[in-house]
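data12.tsv (TSV, C-alpha atoms) appears below.
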chain	number	residue	atom	x	y	z
A	6	MET	CA	-113.08	24.37	32.50
A	7	THR	CA	-113.54	23.39	28.85
A	8	THR	CA	-113.38	26.03	26.13
A	9	ARG	CA	-115.85	25.48	23.29
A	10	ILE	CA	-114.92	26.81	19.84
A	11	ARG	CA	-117.11	27.01	16.73
A	12	THR	CA	-115.79	26.89	13.15
A	13	ARG	CA	-116.77	25.52	9.74
A	14	VAL	CA	-113.86	23.08	9.27
A	15	ALA	CA	-111.59	21.73	12.00
A	16	ILE	CA	-108.25	20.63	10.56
A	17	VAL	CA	-106.10	18.43	12.78
A	18	GLY	CA	-102.48	18.74	11.65
A	19	ALA	CA	-100.40	21.70	10.44
A	20	GLY	CA	-98.30	19.86	7.91
A	21	PRO	CA	-98.42	20.66	4.19
A	22	ALA	CA	-101.83	19.01	3.76
A	23	GLY	CA	-103.52	20.88	6.60
A	24	LEU	CA	-102.01	24.26	5.75
A	25	ILE	CA	-102.76	24.05	2.02
A	26	LEU	CA	-106.32	22.91	2.75
A	27	SER	CA	-106.86	25.89	5.07
A	28	HIS	CA	-105.72	28.23	2.29
A	29	LEU	CA	-107.97	26.67	-0.37
A	30	LEU	CA	-110.92	26.80	2.01
A	31	ALA	CA	-110.24	30.46	2.83
A	32	ASP	CA	-110.22	31.23	-0.89
A	33	ALA	CA	-113.70	29.66	-1.03
A	34	GLY	CA	-114.87	31.77	1.93
A	35	ILE	CA	-114.86	28.85	4.38
A	36	GLU	CA	-113.52	29.47	7.87
A	37	SER	CA	-111.26	26.86	9.47
A	38	ILE	CA	-109.16	26.22	12.55
A	39	VAL	CA	-105.88	24.31	12.27
A	40	ILE	CA	-104.45	22.64	15.36
A	41	ASP	CA	-101.16	20.80	15.82
A	42	GLN	CA	-99.58	19.26	18.91
A	43	ARG	CA	-96.12	20.50	17.85
A	44	SER	CA	-94.68	23.98	18.33
A	45	ARG	CA	-94.05	26.17	15.30
A	46	GLU	CA	-90.30	25.75	15.80
A	47	GLU	CA	-90.60	21.97	15.84
A	48	ILE	CA	-92.64	21.96	12.64
A	49	GLU	CA	-90.15	24.21	10.85
A	50	THR	CA	-86.99	22.48	12.04
A	51	THR	CA	-87.88	18.79	11.65
A	52	ILE	CA	-85.81	18.03	8.55
A	53	ARG	CA	-87.60	16.05	5.85
A	54	ALA	CA	-86.68	15.50	2.23
A	55	GLY	CA	-88.88	16.70	-0.58
A	56	ILE	CA	-89.21	16.06	-4.30
A	57	LEU	CA	-92.14	18.13	-5.55
A	58	GLU	CA	-94.06	17.24	-8.67
A	59	GLN	CA	-94.76	19.87	-11.30
A	60	GLY	CA	-98.38	20.12	-10.16
A	61	THR	CA	-97.40	20.64	-6.53
A	62	VAL	CA	-95.02	23.44	-7.49
A	63	ASP	CA	-97.69	25.03	-9.68
A	64	LEU	CA	-100.12	25.00	-6.73
A	65	LEU	CA	-97.56	26.43	-4.28
A	66	THR	CA	-96.80	29.20	-6.78
A	67	ALA	CA	-100.48	29.98	-7.24
A	68	ILE	CA	-100.98	30.11	-3.46
A	69	ASP	CA	-97.90	32.27	-2.89
A	70	PRO	CA	-96.12	33.87	-5.89
A	71	GLY	CA	-93.26	34.63	-3.50
A	72	THR	CA	-92.69	30.99	-2.57
A	73	ARG	CA	-89.02	30.14	-2.20
A	74	VAL	CA	-89.42	26.93	-4.19
A	75	HIS	CA	-88.04	28.82	-7.22
A	76	THR	CA	-85.09	30.33	-5.33
A	77	VAL	CA	-84.12	27.91	-2.55
A	78	GLY	CA	-85.49	24.90	-4.43
A	79	GLN	CA	-83.75	23.29	-7.39
A	80	ARG	CA	-85.51	22.27	-10.59
A	81	HIS	CA	-84.53	18.83	-11.79
A	82	ASP	CA	-85.23	17.82	-15.37
A	83	GLY	CA	-84.40	14.16	-14.90
A	84	ILE	CA	-82.96	11.37	-12.79
A	85	GLU	CA	-80.27	8.80	-13.46
A	86	LEU	CA	-80.89	5.07	-13.18
A	87	ARG	CA	-77.54	3.39	-12.59
A	88	PHE	CA	-76.91	-0.35	-12.81
A	89	GLN	CA	-74.01	-2.56	-13.89
A	90	GLY	CA	-71.71	0.43	-13.58
A	91	GLU	CA	-73.54	2.52	-16.19
A	92	GLY	CA	-75.84	5.52	-15.83
A	93	HIS	CA	-79.01	6.04	-17.87
A	94	ARG	CA	-80.70	9.45	-17.71
A	95	ILE	CA	-84.49	9.79	-17.78
A	96	ASP	CA	-85.22	13.12	-19.48
A	97	PHE	CA	-88.46	14.38	-17.96
A	98	PRO	CA	-89.16	17.45	-20.16
A	99	GLY	CA	-88.19	15.56	-23.30
A	100	LEU	CA	-90.53	12.69	-22.46
A	101	VAL	CA	-93.52	14.33	-20.76
A	102	GLY	CA	-92.87	18.08	-20.78
A	103	ARG	CA	-92.67	18.34	-16.98
A	104	SER	CA	-90.01	18.61	-14.26
A	105	VAL	CA	-89.70	18.13	-10.50
A	106	TRP	CA	-88.23	20.37	-7.80
A	107	LEU	CA	-85.92	19.39	-4.97
A	108	TYR	CA	-87.35	21.44	-2.09
A	109	PRO	CA	-87.23	20.00	1.45
A	110	GLN	CA	-90.63	19.74	3.09
A	111	HIS	CA	-89.63	21.78	6.15
A	112	GLU	CA	-88.75	24.69	3.83
A	113	ALA	CA	-92.18	24.46	2.22
A	114	LEU	CA	-93.70	24.45	5.69
A	115	LYS	CA	-91.86	27.66	6.62
A	116	ASP	CA	-93.42	29.32	3.56
A	117	LEU	CA	-96.90	27.99	4.26
A	118	LEU	CA	-96.89	28.84	7.98
A	119	ALA	CA	-95.73	32.39	7.36
A	120	LEU	CA	-98.34	32.86	4.64
A	121	ARG	CA	-101.28	31.43	6.59
A	122	LEU	CA	-100.45	33.40	9.74
A	123	SER	CA	-100.04	36.63	7.75
A	124	GLN	CA	-103.51	36.04	6.30
A	125	GLY	CA	-105.10	35.63	9.72
A	126	GLN	CA	-105.48	31.87	9.83
A	127	ASP	CA	-106.57	30.56	13.25
A	128	LEU	CA	-103.60	28.22	13.78
A	129	ARG	CA	-103.05	26.77	17.25
A	130	PHE	CA	-99.70	25.21	18.13
A	131	GLY	CA	-99.29	22.83	21.07
A	132	ALA	CA	-102.94	21.77	20.77
A	133	THR	CA	-103.33	18.01	21.02
A	134	ALA	CA	-106.45	16.33	19.64
A	135	VAL	CA	-107.53	13.44	21.83
A	136	ARG	CA	-110.72	12.26	20.12
A	137	VAL	CA	-113.17	13.07	17.34
A	138	GLU	CA	-116.86	12.40	17.87
A	139	GLY	CA	-120.21	12.95	16.19
A	140	VAL	CA	-119.03	12.43	12.61
A	141	ASP	CA	-122.44	10.95	11.79
A	142	THR	CA	-124.09	14.24	12.77
A	143	ALA	CA	-124.07	17.71	11.23
A	144	ARG	CA	-121.84	18.96	14.11
A	145	PRO	CA	-118.78	16.73	14.57
A	146	GLN	CA	-116.41	17.66	17.38
A	147	ALA	CA	-112.66	17.47	17.95
A	148	SER	CA	-111.65	17.48	21.60
A	149	GLY	CA	-108.25	17.87	23.20
A	150	THR	CA	-105.92	20.00	25.29
A	151	ASP	CA	-104.09	23.21	24.42
A	152	ALA	CA	-100.47	24.18	25.04
A	153	ASP	CA	-101.30	25.05	28.67
A	154	GLY	CA	-103.13	21.79	29.31
A	155	ALA	CA	-106.59	23.35	29.23
A	156	GLU	CA	-109.34	21.31	27.61
A	157	PHE	CA	-111.09	22.45	24.43
A	158	VAL	CA	-113.85	21.22	22.14
A	159	ILE	CA	-114.00	22.40	18.52
A	160	GLU	CA	-117.47	22.11	17.06
A	161	ALA	CA	-117.42	22.16	13.26
A	162	ASP	CA	-119.38	21.33	10.14
A	163	PHE	CA	-116.57	18.99	9.07
A	164	VAL	CA	-113.38	17.53	10.59
A	165	VAL	CA	-110.28	16.73	8.54
A	166	GLY	CA	-107.50	14.44	9.72
A	167	ALA	CA	-104.21	15.75	8.38
A	168	ASP	CA	-102.40	14.52	11.46
A	169	GLY	CA	-99.93	12.04	10.03
A	170	SER	CA	-99.41	8.31	10.28
A	171	ARG	CA	-100.46	8.19	13.95
A	172	SER	CA	-103.70	9.98	13.18
A	173	VAL	CA	-106.25	10.52	15.95
A	174	VAL	CA	-108.95	11.30	13.40
A	175	ARG	CA	-108.45	7.95	11.62
A	176	GLN	CA	-110.25	6.06	14.37
A	177	ALA	CA	-113.41	8.16	13.87
A	178	VAL	CA	-113.24	7.64	10.10
A	179	ALA	CA	-112.04	4.05	9.73
A	180	GLY	CA	-113.20	2.59	13.03
A	181	SER	CA	-109.65	1.90	14.22
A	182	SER	CA	-106.38	3.80	14.20
A	183	ARG	CA	-104.72	0.79	12.53
A	184	ASP	CA	-107.49	-0.28	10.16
A	185	GLY	CA	-106.11	-0.47	6.63
A	186	HIS	CA	-104.05	-2.24	3.99
A	187	PHE	CA	-100.46	-2.59	5.21
A	188	ARG	CA	-97.15	-3.80	3.82
A	189	GLU	CA	-93.73	-3.68	5.49
A	190	TYR	CA	-90.58	-4.07	3.40
A	191	PRO	CA	-87.58	-6.22	4.44
A	192	PHE	CA	-85.13	-3.34	4.14
A	193	ALA	CA	-84.67	0.29	5.14
A	194	TRP	CA	-82.58	3.31	4.15
A	195	PHE	CA	-79.51	4.39	6.05
A	196	GLY	CA	-79.54	8.15	5.46
A	197	ILE	CA	-76.85	10.76	5.99
A	198	LEU	CA	-76.48	14.50	5.75
A	199	CYS	CA	-72.93	15.60	5.01
A	200	GLU	CA	-70.95	18.78	4.45
A	201	ALA	CA	-69.88	18.47	0.82
A	202	PRO	CA	-70.57	19.92	-2.62
A	203	PRO	CA	-72.93	17.88	-4.83
A	204	SER	CA	-71.68	14.57	-6.22
A	205	ALA	CA	-74.22	14.88	-9.05
A	206	HIS	CA	-76.56	17.57	-10.40
A	207	GLU	CA	-79.56	15.23	-10.43
A	208	LEU	CA	-80.65	12.29	-8.29
A	209	ILE	CA	-78.91	8.97	-8.91
A	210	TYR	CA	-80.93	5.81	-8.23
A	211	SER	CA	-78.37	3.03	-8.18
A	212	ASN	CA	-78.99	-0.72	-8.27
A	213	SER	CA	-75.90	-2.76	-7.38
A	214	ASP	CA	-75.16	-6.34	-6.34
A	215	ASP	CA	-74.54	-5.00	-2.82
A	216	GLY	CA	-77.89	-3.18	-2.66
A	217	PHE	CA	-79.49	0.15	-3.49
A	218	ALA	CA	-78.15	3.68	-3.02
A	219	LEU	CA	-79.67	7.10	-3.67
A	220	ILE	CA	-77.41	10.08	-4.24
A	221	SER	CA	-79.42	13.24	-3.62
A	222	GLN	CA	-78.70	16.91	-3.00
A	223	ARG	CA	-79.75	19.47	-0.43
A	224	SER	CA	-77.79	22.68	-1.07
A	225	PRO	CA	-74.42	23.75	-2.52
A	226	GLU	CA	-72.83	22.90	0.84
A	227	VAL	CA	-74.95	20.02	2.23
A	228	GLN	CA	-75.87	16.72	0.59
A	229	ARG	CA	-78.31	13.92	1.42
A	230	MET	CA	-77.48	10.29	0.58
A	231	TYR	CA	-78.98	6.90	1.39
A	232	PHE	CA	-78.09	3.24	1.09
A	233	GLN	CA	-80.17	0.12	1.60
A	234	CYS	CA	-79.75	-1.49	5.02
A	235	ASP	CA	-81.41	-3.86	7.47
A	236	PRO	CA	-84.50	-2.30	9.13
A	237	ASP	CA	-83.02	-2.98	12.57
A	238	ALA	CA	-79.65	-1.41	11.76
A	239	ASP	CA	-78.18	0.94	14.37
A	240	PRO	CA	-77.10	4.15	12.58
A	241	ASN	CA	-74.39	4.75	15.17
A	242	THR	CA	-72.43	1.52	14.68
A	243	LEU	CA	-70.70	2.45	11.39
A	244	SER	CA	-67.72	4.77	11.21
A	245	GLU	CA	-67.69	7.59	8.66
A	246	ALA	CA	-65.11	5.68	6.65
A	247	GLU	CA	-67.37	2.60	6.56
A	248	ILE	CA	-70.35	4.69	5.49
A	249	TRP	CA	-68.46	6.29	2.60
A	250	LYS	CA	-67.03	2.92	1.56
A	251	THR	CA	-70.55	1.44	1.49
A	252	LEU	CA	-72.00	4.35	-0.49
A	253	GLN	CA	-69.15	4.35	-3.01
A	254	ARG	CA	-69.45	0.60	-3.54
A	255	ARG	CA	-73.18	1.00	-4.26
A	256	VAL	CA	-72.63	3.53	-7.10
A	257	PRO	CA	-69.86	2.02	-9.23
A	258	GLY	CA	-68.79	4.30	-12.04
A	259	THR	CA	-69.47	7.48	-10.03
A	260	THR	CA	-67.01	9.18	-7.70
A	261	LEU	CA	-68.73	10.62	-4.64
A	262	THR	CA	-67.58	13.84	-3.01
A	263	GLU	CA	-67.05	13.08	0.66
A	264	GLY	CA	-67.46	15.40	3.63
A	265	ARG	CA	-68.17	15.45	7.34
A	266	ILE	CA	-71.31	13.49	8.21
A	267	PHE	CA	-73.36	15.46	10.74
A	268	GLN	CA	-76.64	13.53	10.73
A	269	ARG	CA	-77.50	9.87	10.27
A	270	ASP	CA	-80.73	7.89	10.62
A	271	VAL	CA	-82.50	4.73	9.50
A	272	LEU	CA	-85.77	5.11	7.59
A	273	ARG	CA	-88.07	2.08	7.59
A	274	PHE	CA	-90.18	1.25	4.53
A	275	ARG	CA	-93.92	0.83	4.95
A	276	SER	CA	-96.97	1.09	2.72
A	277	PHE	CA	-100.40	1.80	4.21
A	278	VAL	CA	-103.84	2.77	2.91
A	279	ALA	CA	-106.70	3.26	5.37
A	280	HIS	CA	-109.78	1.14	4.71
A	281	GLU	CA	-111.93	4.29	4.86
A	282	LEU	CA	-110.94	7.81	3.85
A	283	ARG	CA	-114.23	9.47	4.73
A	284	HIS	CA	-117.08	8.74	7.11
A	285	GLY	CA	-119.95	11.15	7.61
A	286	ARG	CA	-118.57	14.61	8.34
A	287	ALA	CA	-114.90	13.59	8.63
A	288	ALA	CA	-112.19	12.72	6.13
A	289	LEU	CA	-108.48	11.83	6.01
A	290	VAL	CA	-105.73	13.33	3.87
A	291	GLY	CA	-101.99	12.80	3.52
A	292	ASP	CA	-100.14	10.42	5.85
A	293	ALA	CA	-103.29	10.01	7.95
A	294	ALA	CA	-104.81	8.27	4.93
A	295	HIS	CA	-101.76	6.54	3.42
A	296	THR	CA	-98.00	6.17	3.48
A	297	VAL	CA	-95.65	5.09	0.70
A	298	PRO	CA	-91.98	4.09	0.48
A	299	PRO	CA	-89.85	7.14	-0.40
A	300	THR	CA	-88.40	5.57	-3.56
A	301	GLY	CA	-91.14	7.01	-5.77
A	302	ALA	CA	-91.05	10.52	-4.19
A	303	LYS	CA	-94.82	10.53	-3.73
A	304	GLY	CA	-95.38	11.41	-0.04
A	305	MET	CA	-96.08	15.14	0.02
A	306	ASN	CA	-97.35	15.15	-3.57
A	307	LEU	CA	-100.01	12.56	-2.79
A	308	ALA	CA	-101.10	14.63	0.21
A	309	VAL	CA	-101.47	17.72	-1.98
A	310	ALA	CA	-103.60	15.76	-4.46
A	311	ASP	CA	-105.87	14.59	-1.62
A	312	VAL	CA	-106.28	18.17	-0.44
A	313	ILE	CA	-107.19	19.53	-3.86
A	314	ILE	CA	-109.89	16.88	-4.26
A	315	LEU	CA	-111.22	17.38	-0.72
A	316	ALA	CA	-111.22	21.19	-0.95
A	317	ARG	CA	-113.43	21.03	-4.03
A	318	ALA	CA	-115.76	18.61	-2.25
A	319	LEU	CA	-115.99	20.76	0.89
A	320	GLU	CA	-116.71	23.89	-1.12
A	321	ALA	CA	-119.56	22.09	-2.86
A	322	LEU	CA	-120.87	20.72	0.45
A	323	LEU	CA	-120.54	23.79	2.67
A	324	VAL	CA	-121.22	26.57	0.14
A	325	ARG	CA	-123.74	24.96	-2.21
A	326	ASN	CA	-125.07	22.12	-0.02
A	327	ASP	CA	-124.08	19.67	-2.79
A	328	GLU	CA	-123.01	16.30	-1.38
A	329	ARG	CA	-121.99	14.60	-4.62
A	330	LEU	CA	-118.27	15.41	-4.50
A	331	ILE	CA	-117.85	14.56	-0.82
A	332	ASP	CA	-119.65	11.27	-1.41
A	333	ALA	CA	-117.15	10.56	-4.22
A	334	TYR	CA	-114.08	11.80	-2.32
A	335	ALA	CA	-112.70	8.42	-1.25
A	336	GLU	CA	-113.22	6.75	-4.62
A	337	THR	CA	-111.68	9.70	-6.47
A	338	ALA	CA	-108.66	10.01	-4.17
A	339	LEU	CA	-108.05	6.25	-4.07
A	340	ARG	CA	-107.55	6.06	-7.82
A	341	ARG	CA	-104.43	8.20	-7.52
A	342	ILE	CA	-103.39	6.70	-4.18
A	343	TRP	CA	-103.22	3.17	-5.57
A	344	LYS	CA	-101.40	4.33	-8.69
A	345	ALA	CA	-98.84	5.97	-6.40
A	346	GLN	CA	-98.65	2.83	-4.26
A	347	HIS	CA	-97.95	0.77	-7.36
A	348	PHE	CA	-95.31	3.17	-8.67
A	349	SER	CA	-93.60	3.35	-5.28
A	350	TRP	CA	-93.64	-0.45	-4.95
A	351	TRP	CA	-92.37	-0.84	-8.54
A	352	MET	CA	-89.45	1.56	-8.09
A	353	THR	CA	-88.63	-0.05	-4.75
A	354	SER	CA	-88.72	-3.64	-5.99
A	355	MET	CA	-86.86	-2.81	-9.20
A	356	LEU	CA	-83.97	-1.05	-7.46
A	357	HIS	CA	-83.45	-2.88	-4.14
A	358	VAL	CA	-81.92	-6.28	-3.50
A	359	ALA	CA	-84.28	-8.24	-1.27
A	360	PRO	CA	-82.99	-10.76	1.29
A	361	GLY	CA	-82.63	-14.21	-0.23
A	362	THR	CA	-82.39	-12.88	-3.79
A	363	SER	CA	-81.26	-15.61	-6.23
A	364	ASP	CA	-79.17	-15.27	-9.39
A	365	PHE	CA	-82.41	-15.58	-11.36
A	366	ASP	CA	-83.95	-12.71	-9.38
A	367	ARG	CA	-80.93	-10.46	-9.97
A	368	LEU	CA	-80.75	-11.17	-13.69
A	369	ARG	CA	-84.50	-10.65	-14.06
A	370	GLN	CA	-84.16	-7.33	-12.23
A	371	ILE	CA	-81.41	-6.20	-14.61
A	372	GLY	CA	-83.66	-7.23	-17.51
A	373	GLU	CA	-86.44	-5.10	-16.04
A	374	LEU	CA	-84.15	-2.08	-15.74
A	375	ARG	CA	-83.01	-2.52	-19.34
A	376	SER	CA	-86.64	-2.80	-20.45
A	377	VAL	CA	-87.19	0.65	-18.94
A	378	VAL	CA	-84.09	2.55	-20.06
A	379	GLU	CA	-83.92	1.04	-23.56
A	380	SER	CA	-87.57	1.75	-24.38
A	381	GLU	CA	-89.08	5.18	-24.95
A	382	ALA	CA	-92.38	3.80	-23.67
A	383	GLY	CA	-90.66	2.53	-20.52
A	384	ARG	CA	-88.87	5.82	-19.89
A	385	THR	CA	-92.09	7.73	-20.53
A	386	PHE	CA	-94.02	5.63	-18.02
A	387	LEU	CA	-91.41	6.36	-15.35
A	388	ALA	CA	-91.23	10.07	-16.21
A	389	GLU	CA	-95.02	10.45	-16.24
A	390	ALA	CA	-95.43	8.81	-12.84
A	391	TYR	CA	-92.44	10.53	-11.23
A	392	THR	CA	-93.44	14.03	-12.33
A	393	GLY	CA	-97.10	13.45	-11.43
A	394	TRP	CA	-100.43	12.55	-12.96
A	395	PRO	CA	-103.29	15.05	-13.51
A	396	ILE	CA	-105.58	15.60	-10.50
A	397	ASP	CA	-108.93	13.82	-10.85
A	398	GLY	CA	-112.19	15.08	-9.41

Here is a file; write its structure as structure tokens.
Amino acid sequence: MTTRIRTRVAIVGAGPAGLILSHLLADAGIESIVIDQRSREEIETTIRAGILEQGTVDLLTAIDPGTRVHTVGQRHDGIELRFQGEGHRIDFPGLVGRSVWLYPQHEALKDLLALRLSQGQDLRFGATAVRVEGVDTARPQASGTDADGAEFVIEADFVVGADGSRSVVRQAVAGSSRDGHFREYPFAWFGILCEAPPSAHELIYSNSDDGFALISQRSPEVQRMYFQCDPDADPNTLSEAEIWKTLQRRVPGTTLTEGRIFQRDVLRFRSFVAHELRHGRAALVGDAAHTVPPTGAKGMNLAVADVIILARALEALLVRNDERLIDAYAETALRRIWKAQHFSWWMTSMLHVAPGTSDFDRLRQIGELRSVVESEAGRTFLAEAYTGWPIDG
């Protein structure tokens, strides 16, 4: 027996994009249902990194003045670009008057889930969307099965795909789950979590002849670090001693604080932008719409920007019957998406050593890095993009 449910907006995906959208819609008096195939525990315990732009932190604070981003999170006023054994600090507040926050995404999700549930949000865990239909009508539907395997159909005025890079909603919007602009990079990140105090107070982005490394932080006791590797690398083949030797060699001039490595993984690099972000009464946000390499720290921030633009459009559509903003949603969101794609590509190509790199390529890359760090205009461009552009629309 199929259960039929009626709501104004059906949101598929309870990640940051889906949860923030549900809050903004509730503020506008628009009812929504959020479904996610994962359990609450799985959502809250899947560890993901997070650098939050100033605008993202401002929004989280406005949504929840008690957000832990200001207590558990760490404000960073700059990053260090390191090459040829020297570090060059990019001073964000001094250049653009903004900062970023190191706040892992799963911690933000704990805040958002607790807040939305306390405010009565209809949030259904273990509910798997199978298909979305009728997006060309005034009553699109999302169908699937709940945590007990029972079938359901959600009838809504609008359906939003916030369901990640394997989005079910994307097929209804773009015509195919894989339809889009795609780029795969010839390298990946070998990432570790280790028990150690911080090796640096701010992120170090290091370009070396041996390849890239990123020295990040997580807490006073746990650190996150990455180094460039082959996409097909097996994270279990290297010993701890080999991992630390590789990391240390990639950041000459800095002494890393070593500790027990308790997690390791390989993160592939891909860029993707769906050919369509909205069709009829359905739209995509976040990783369902696009993915970026992590070098530019744009993932969650780009999702939040999508949601702000879409929430305004849905309020106009569903409260005032004004279609102008929803008709402009894709064009408006894509302006920022492609800027973020460029910045992510630029940071990635400037800092990594690609296979087959020649002496000319390496020397040109060093010249590019010097053009950035030795120019106020260059440092300002990086700081402006890294801390986030204003939201359009």

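Relative to CA of His28 in chain A, CA of Ile331 in chain A is found at 18.5 Å.
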
Hey, which of A:Leu30, A:Ile371, A:Leu86, A:Val174 ends up closest to Ala218 in chain A? Count only C-alpha atoms.
->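 Among the listed residues, A:Leu86 lies closest to Ala218 in chain A.
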
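Of the residues listed (A:Glu226, A:Asp215, A:Asp82, A:Asp153), A:Asp82 shows the shortest atom-to-atom separation from Asp96 in chain A; distances use all atoms listed in the file.
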
Contacts of range 116-128 of chain A within 7 Å, only C-alpha atoms, excl. fewer than 6 positions in-chain, as JSON, numbers by chain | {"A": [24, 28, 38, 39, 40, 72]}

Between A:Glu58, A:Glu200, A:Glu336, A:Asp41, which is the closest to Val105 in chain A once you count all atoms listed in the file?
->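 The shortest atom-to-atom distance to Val105 in chain A comes from A:Glu58.
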
What separation in Å, quoted to one decimal, exists between CA of Trp351 in chain A and CA of Leu387 in chain A?
->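 So the answer is 10.0 Å.
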
Gap from CA of Leu26 in chain A to CA of Thr300 in chain A - Å, one decimal =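 Separation between CA of Leu26 in chain A and CA of Thr300 in chain A: 25.7 Å.
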
If we count only C-alpha atoms, what is near range 13-22 of chain A at a cut-off of 6 Å, once residues fewer than 3 positions away on the same chain are taken out, given as a PyMOL selection string?
-> chain A and resi 25+36-41+161-168+308-309

For those residues, write C-alpha atoms to a file as a short mmCIF file (atom, residue, chain, number, x, y, z; two decimals), in the frame of the given file.
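In the end it all went to part32.cif:
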data_model
loop_
_atom_site.label_atom_id
_atom_site.label_comp_id
_atom_site.auth_asym_id
_atom_site.auth_seq_id
_atom_site.Cartn_x
_atom_site.Cartn_y
_atom_site.Cartn_z
CA ILE A 25 -102.76 24.05 2.02
CA GLU A 36 -113.52 29.47 7.87
CA SER A 37 -111.26 26.86 9.47
CA ILE A 38 -109.16 26.22 12.55
CA VAL A 39 -105.88 24.31 12.27
CA ILE A 40 -104.45 22.64 15.36
CA ASP A 41 -101.16 20.80 15.82
CA ALA A 161 -117.42 22.16 13.26
CA ASP A 162 -119.38 21.33 10.14
CA PHE A 163 -116.57 18.99 9.07
CA VAL A 164 -113.38 17.53 10.59
CA VAL A 165 -110.28 16.73 8.54
CA GLY A 166 -107.50 14.44 9.72
CA ALA A 167 -104.21 15.75 8.38
CA ASP A 168 -102.40 14.52 11.46
CA ALA A 308 -101.10 14.63 0.21
CA VAL A 309 -101.47 17.72 -1.98
#

Would you write out, as a tab-separated table, a table of all residues in range 152-223 of chain A that have an atom no more than 10 Å from an atom of range 245-252 of chain A, listing for each the closest atom pair and the distance in Å to one decimal, considering only C-alpha atoms and ordering rows by chain and rising residue number?
residue	atom	partner	partner_atom	distance
A:Phe195	CA	A:Ile248	CA	9.2
A:Gly196	CA	A:Ile248	CA	9.8
A:Ile197	CA	A:Ile248	CA	8.9
A:Asp215	CA	A:Thr251	CA	8.7
A:Gly216	CA	A:Thr251	CA	9.6
A:Phe217	CA	A:Leu252	CA	9.1
A:Ala218	CA	A:Leu252	CA	6.7
A:Leu219	CA	A:Leu252	CA	8.7
A:Ile220	CA	A:Leu252	CA	8.7

Rank nothing, just name the residue among A:Asp270, A:Glu263, A:Ala316, A:Arg188 nearest to Gln346 in chain A, using only C-alpha atoms.
-> A:Arg188

Spatial neighbours of Glu156 in chain A, max dist 8 Å, all atoms listed in the file, sep filter under 3 positions, as a PDB file with C-alpha atoms, in the coordinates of the input:
ATOM      1  CA  MET A   6    -113.080  24.370  32.500  1.00  0.00           C
ATOM      2  CA  THR A   7    -113.540  23.390  28.850  1.00  0.00           C
ATOM      3  CA  THR A   8    -113.380  26.030  26.130  1.00  0.00           C
ATOM      4  CA  SER A 148    -111.650  17.480  21.600  1.00  0.00           C
ATOM      5  CA  GLY A 149    -108.250  17.870  23.200  1.00  0.00           C
ATOM      6  CA  THR A 150    -105.920  20.000  25.290  1.00  0.00           C
ATOM      7  CA  ASP A 151    -104.090  23.210  24.420  1.00  0.00           C
TER       8      ASP A 151
END

Of the residues A:Arg136, A:Arg340, A:Arg269, A:Arg223, which is the one nearest to Ser172 in chain A, using all atoms listed in the file?
-> A:Arg136

Kindly indicate which residue among A:His284, A:Ala177, A:Tyr190, A:Pro240 lies nearest to Ser349 in chain A, using all atoms listed in the file for the distances.
-> A:Tyr190

Axis-aligned box for range 259-271 of chain A, 4 Å per side, centre and edges in Å as JSON:
{"center_x": -74.8, "center_y": 10.1, "center_z": 0.4, "size_x": 23.5, "size_y": 18.7, "size_z": 28.8}

Write out as a ChimeraX atom specification the residues lying within 10 Å of Gly258 in chain A, counting all atoms listed in the file and excluding same-chain residues fewer than 5 positions away.
-> /A:87-92,253

Counting only C-alpha atoms, which residues come within 12 Å of (-85.8, 25.0, 12.0), with the point read in the file's coordinates, and could you list them as JSON, numbers by chain?
-> {"A": [44, 45, 46, 47, 48, 49, 50, 51, 52, 53, 109, 110, 111, 112, 113, 114, 115]}

Up to 7 Å from (-114.5, 21.2, 21.4) in the file's coordinates: name the residues, counting all atoms listed in the file, as a PyMOL selection string.
-> chain A and resi 8-10+146-148+157-160

Leu315 in chain A surroundings by all atoms listed in the file, 9 Å radius, close-in-sequence under 2 positions cut, as a short mmCIF file (atom, residue, chain, number, x, y, z; two decimals) with C-alpha atoms, in the coordinates of the input:
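Wrote around14.cif, looks like this:
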data_model
loop_
_atom_site.label_atom_id
_atom_site.label_comp_id
_atom_site.auth_asym_id
_atom_site.auth_seq_id
_atom_site.Cartn_x
_atom_site.Cartn_y
_atom_site.Cartn_z
CA LEU A 26 -106.32 22.91 2.75
CA ALA A 288 -112.19 12.72 6.13
CA VAL A 290 -105.73 13.33 3.87
CA ALA A 310 -103.60 15.76 -4.46
CA ASP A 311 -105.87 14.59 -1.62
CA VAL A 312 -106.28 18.17 -0.44
CA ILE A 313 -107.19 19.53 -3.86
CA ARG A 317 -113.43 21.03 -4.03
CA ALA A 318 -115.76 18.61 -2.25
CA LEU A 319 -115.99 20.76 0.89
CA GLU A 320 -116.71 23.89 -1.12
CA LEU A 330 -118.27 15.41 -4.50
CA ILE A 331 -117.85 14.56 -0.82
CA TYR A 334 -114.08 11.80 -2.32
CA ALA A 338 -108.66 10.01 -4.17
#
